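K.L.:
My structure file final-v3.pdb, PDB, C-alpha atoms, is below:
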ATOM      1  CA  MET A   1     -53.258 153.979-234.149
ATOM      2  CA  LYS A   2     -53.206 151.202-231.576
ATOM      3  CA  LEU A   3     -56.181 149.245-230.335
ATOM      4  CA  LYS A   4     -56.003 146.676-227.580
ATOM      5  CA  PHE A   5     -58.665 144.293-226.298
ATOM      6  CA  GLU A   6     -58.918 141.021-224.417
ATOM      7  CA  VAL A   7     -60.598 137.895-225.780
ATOM      8  CA  GLY A   8     -61.655 134.769-223.923
ATOM      9  CA  THR A   9     -62.901 133.823-220.499
ATOM     10  CA  GLN A  10     -60.735 130.884-219.414
ATOM     11  CA  ASP A  11     -57.888 131.198-221.897
ATOM     12  CA  LYS A  12     -57.329 134.952-222.140
ATOM     13  CA  TYR A  13     -55.636 136.483-225.148
ATOM     14  CA  ILE A  14     -54.601 140.107-225.547
ATOM     15  CA  VAL A  15     -55.151 141.226-229.135
ATOM     16  CA  GLU A  16     -53.370 144.349-230.326
ATOM     17  CA  PHE A  17     -54.093 146.078-233.616
ATOM     18  CA  CYS A  18     -51.485 148.546-234.933
ATOM     19  CA  PHE A  19     -52.144 150.724-237.995
ATOM     20  CA  ASP A  20     -49.589 153.197-239.336
ATOM     21  CA  LYS A  21     -51.688 155.684-241.328
ATOM     22  CA  PHE A  22     -48.656 157.232-243.028
ATOM     23  CA  TRP A  23     -47.107 154.040-244.433
ATOM     24  CA  GLY A  24     -50.317 151.999-244.555
ATOM     25  CA  THR A  25     -48.915 149.041-242.631
ATOM     26  CA  ILE A  26     -51.152 146.987-240.353
ATOM     27  CA  ALA A  27     -50.108 144.447-237.742
ATOM     28  CA  LEU A  28     -52.279 142.162-235.634
ATOM     29  CA  LYS A  29     -50.577 140.844-232.511
ATOM     30  CA  VAL A  30     -51.773 138.167-230.102
ATOM     31  CA  ASN A  31     -50.031 138.140-226.706
ATOM     32  CA  GLU A  32     -47.324 140.459-228.132
ATOM     33  CA  LYS A  33     -46.484 138.088-231.009
ATOM     34  CA  THR A  34     -47.225 139.180-234.573
ATOM     35  CA  ALA A  35     -50.050 137.035-235.952
ATOM     36  CA  ALA A  36     -50.713 138.825-239.267
ATOM     37  CA  ARG A  37     -49.471 141.749-241.387
ATOM     38  CA  TYR A  38     -51.396 143.719-243.989
ATOM     39  CA  PHE A  39     -51.018 146.813-246.170
ATOM     40  CA  MET A  40     -53.654 149.479-246.905
ATOM     41  CA  MET A  41     -52.877 152.568-248.945
ATOM     42  CA  PHE A  42     -56.191 153.894-250.215
ATOM     43  CA  GLY A  43     -59.597 154.458-248.638
ATOM     44  CA  GLY A  44     -62.342 151.904-248.452
ATOM     45  CA  ARG A  45     -62.735 148.837-246.317
ATOM     46  CA  LYS A  46     -60.034 146.411-245.224
ATOM     47  CA  ARG A  47     -60.595 143.245-243.206
ATOM     48  CA  CYS A  48     -57.652 141.872-241.217
ATOM     49  CA  MET A  49     -57.852 138.361-239.782
ATOM     50  CA  CYS A  50     -55.902 136.186-237.360
ATOM     51  CA  ASN A  51     -56.425 133.417-234.801
ATOM     52  CA  ALA A  52     -56.105 133.680-231.042
ATOM     53  CA  GLY A  53     -56.240 130.130-229.763
ATOM     54  CA  ARG A  54     -59.642 128.797-230.771
ATOM     55  CA  TYR A  55     -61.017 132.276-231.540
ATOM     56  CA  ASN A  56     -61.124 133.817-235.012
ATOM     57  CA  ILE A  57     -60.354 137.528-234.783
ATOM     58  CA  GLU A  58     -61.295 139.978-237.540
ATOM     59  CA  VAL A  59     -60.776 143.735-237.529
ATOM     60  CA  ASP A  60     -62.454 145.913-240.165
ATOM     61  CA  ILE A  61     -61.063 149.320-241.037
ATOM     62  CA  ILE A  62     -63.719 151.504-242.604
ATOM     63  CA  GLN A  63     -62.487 154.780-244.050
ATOM     64  CA  PRO A  64     -63.934 157.198-246.584
ATOM     65  CA  LEU A  65     -62.803 157.038-250.193
ATOM     66  CA  PHE A  66     -62.270 160.760-250.748
ATOM     67  CA  PHE A  67     -59.761 162.710-248.637
ATOM     68  CA  ALA A  68     -59.334 159.630-246.453
ATOM     69  CA  PHE A  69     -56.272 161.026-244.706
ATOM     70  CA  LEU A  70     -58.326 163.957-243.380
ATOM     71  CA  ARG A  71     -61.419 162.058-242.315
ATOM     72  CA  LYS A  72     -62.265 159.757-239.440
ATOM     73  CA  ARG A  73     -62.060 155.984-239.549
ATOM     74  CA  THR A  74     -64.079 153.345-237.753
ATOM     75  CA  TYR A  75     -62.617 150.066-236.510
ATOM     76  CA  ASN A  76     -64.894 147.074-235.902
ATOM     77  CA  ALA A  77     -63.547 144.058-234.006
ATOM     78  CA  TYR A  78     -65.231 140.681-234.529
ATOM     79  CA  VAL A  79     -64.713 137.488-232.551
ATOM     80  CA  ASP A  80     -65.928 134.326-234.308
ATOM     81  CA  GLY A  81     -67.927 136.477-236.741
ATOM     82  CA  ILE A  82     -69.846 138.356-234.021
ATOM     83  CA  LEU A  83     -69.311 142.085-233.519
ATOM     84  CA  PHE A  84     -67.283 142.433-230.304
ATOM     85  CA  LYS A  85     -66.194 146.084-230.094
ATOM     86  CA  ILE A  86     -66.270 149.294-232.121
ATOM     87  CA  PHE A  87     -63.511 151.898-231.929
ATOM     88  CA  ASN A  88     -63.389 155.440-233.294
ATOM     89  CA  SER A  89     -60.431 157.028-235.085
ATOM     90  CA  LYS A  90     -58.867 158.094-231.762
ATOM     91  CA  GLY A  91     -58.850 154.537-230.397
ATOM     92  CA  LYS A  92     -61.693 155.038-227.941
ATOM     93  CA  GLU A  93     -64.315 152.352-227.627
ATOM     94  CA  ILE A  94     -67.836 153.139-228.811
ATOM     95  CA  LYS A  95     -70.475 151.434-226.676
ATOM     96  CA  LEU A  96     -72.591 148.789-228.391
ATOM     97  CA  GLU A  97     -76.324 149.132-227.904
TER      98      GLU A  97
END
Would you mind writing the structure in this file as structure tokens?
P.N.:
Amino acid sequence: MKLKFEVGTQDKYIVEFCFDKFWGTIALKVNEKTAARYFMMFGGRKRCMCNAGRYNIEVDIIQPLFFAFLRKRTYNAYVDGILFKIFNSKGKEIKLE
């Protein structure tokens, strides 16, 4: 699962989120450089954090506890604590209302 989004107006940063569902490894990259690594094996909620310049980036993985490998996940991206984007388990953006 790969998610990619751009942060910033003047100083633009490309944030990439990579999650290997099989091994449970998570990587957050800023401008193609690894900013943080995490590990998630079981269902639940995991918050991954890194910095992109002056912005604080957080990505939440929300997955069910039971039969997590068969069910859909939701990915929430936050910039400076404010919800920025929501992605479904296929990596497509869900529109914020």
K.L.:
Determine, counting only C-alpha atoms, which protein, DNA and RNA residues have an atom within 7 Å of an atom of Asp60 in chain A; residues of the same chain fewer than 2 positions away are not included. Present the result as an mmCIF file with C-alpha atoms, in the frame of the given file.
P.N.:
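Writing done, so here's selection36.cif:
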data_model
loop_
_atom_site.group_PDB
_atom_site.id
_atom_site.type_symbol
_atom_site.label_atom_id
_atom_site.label_comp_id
_atom_site.auth_asym_id
_atom_site.auth_seq_id
_atom_site.Cartn_x
_atom_site.Cartn_y
_atom_site.Cartn_z
ATOM 1 C CA ARG A 45 -62.735 148.837 -246.317
ATOM 2 C CA LYS A 46 -60.034 146.411 -245.224
ATOM 3 C CA ARG A 47 -60.595 143.245 -243.206
ATOM 4 C CA CYS A 48 -57.652 141.872 -241.217
ATOM 5 C CA GLU A 58 -61.295 139.978 -237.540
ATOM 6 C CA ILE A 62 -63.719 151.504 -242.604
ATOM 7 C CA TYR A 75 -62.617 150.066 -236.510
ATOM 8 C CA ASN A 76 -64.894 147.074 -235.902
ATOM 9 C CA ALA A 77 -63.547 144.058 -234.006
#
K.L.:
Starting from the shown file, work through the PyMOL selection byres ((chain A and resi 61) around 12) and note down what comes out as an MDAnalysis selection string.
P.N.:
chainID A and resid 1 3 17:19 21 24 26 38:49 58:60 62:64 68 72:78 86:89
K.L.:
Quick check, in Å to one decimal: how far apart do CA of Gly8 in chain A and CA of Glu93 in chain A lie?
P.N.:
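Between these atoms lies a distance of 18.2 Å.
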K.L.:
Please compute the CA of Ala35 in chain A-CA of Arg71 in chain A distance, one decimal, in Å.
P.N.:
28.2 Å
K.L.:
Check the smallest atom-to-atom distance from each of A:Lys90, A:Lys29, A:Lys85, A:Arg37 to Tyr13 in chain A using all atoms listed in the file, then report the winner.
P.N.:
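Checking each candidate against Tyr13 in chain A, we get A:Lys29 as the closest.
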K.L.:
What separation in Å, quoted to one decimal, exists between CA of Cys50 in chain A and CA of Lys92 in chain A?
P.N.:
21.9 Å
K.L.:
Between A:Leu70, A:Asp20, A:Gly91, A:Gln10, which is the closest to Arg54 in chain A once you count all atoms listed in the file?
P.N.:
A:Gln10
K.L.:
Counting all atoms listed in the file, which of A:Ala27, A:Ala36, A:Lys2, A:Asp80 gets nearest to Ile57 in chain A?
P.N.:
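Of all the options, A:Asp80 lies closest to Ile57 in chain A.
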K.L.:
My list of candidates is A:Lys95, A:Phe67, A:Thr34, A:Tyr55. Which is closest to Thr9 in chain A when distances are computed with all atoms listed in the file?
P.N.:
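With all atoms listed in the file as the atom set, the closest residue is A:Tyr55.
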K.L.:
Near Val15 in chain A, within 7 Å and counting only C-alpha atoms, which residues show up once chain neighbours fewer than 3 positions away are dropped, as a compact mmCIF listing (two decimals) with C-alpha atoms, in the coordinates of the input?
P.N.:
# COMPACT_ATOMS: atom_id res chain seq x y z
CA LYS A 4 -56.00 146.68 -227.58
CA PHE A 5 -58.66 144.29 -226.30
CA GLU A 6 -58.92 141.02 -224.42
CA LYS A 29 -50.58 140.84 -232.51
CA VAL A 30 -51.77 138.17 -230.10
CA ASN A 31 -50.03 138.14 -226.71
K.L.:
Please report, as AutoDock Vina command-line options, the centre and edge lengths in Å to one decimal of an axis-aligned box covering all listed atoms of range 63-76 of chain A with 6 Å per side.
P.N.:
--center_x -60.6 --center_y 155.5 --center_z -243.3 --size_x 20.6 --size_y 28.9 --size_z 26.8
K.L.:
Smallest atom-to-atom distance to Gly53 in chain A: which of A:Asp11, A:Glu16, A:Leu83, A:Leu96, using all atoms listed in the file?
P.N.:
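Of A:Asp11, A:Glu16, A:Leu83, A:Leu96, the one nearest Gly53 in chain A is A:Asp11, counting all atoms listed in the file.
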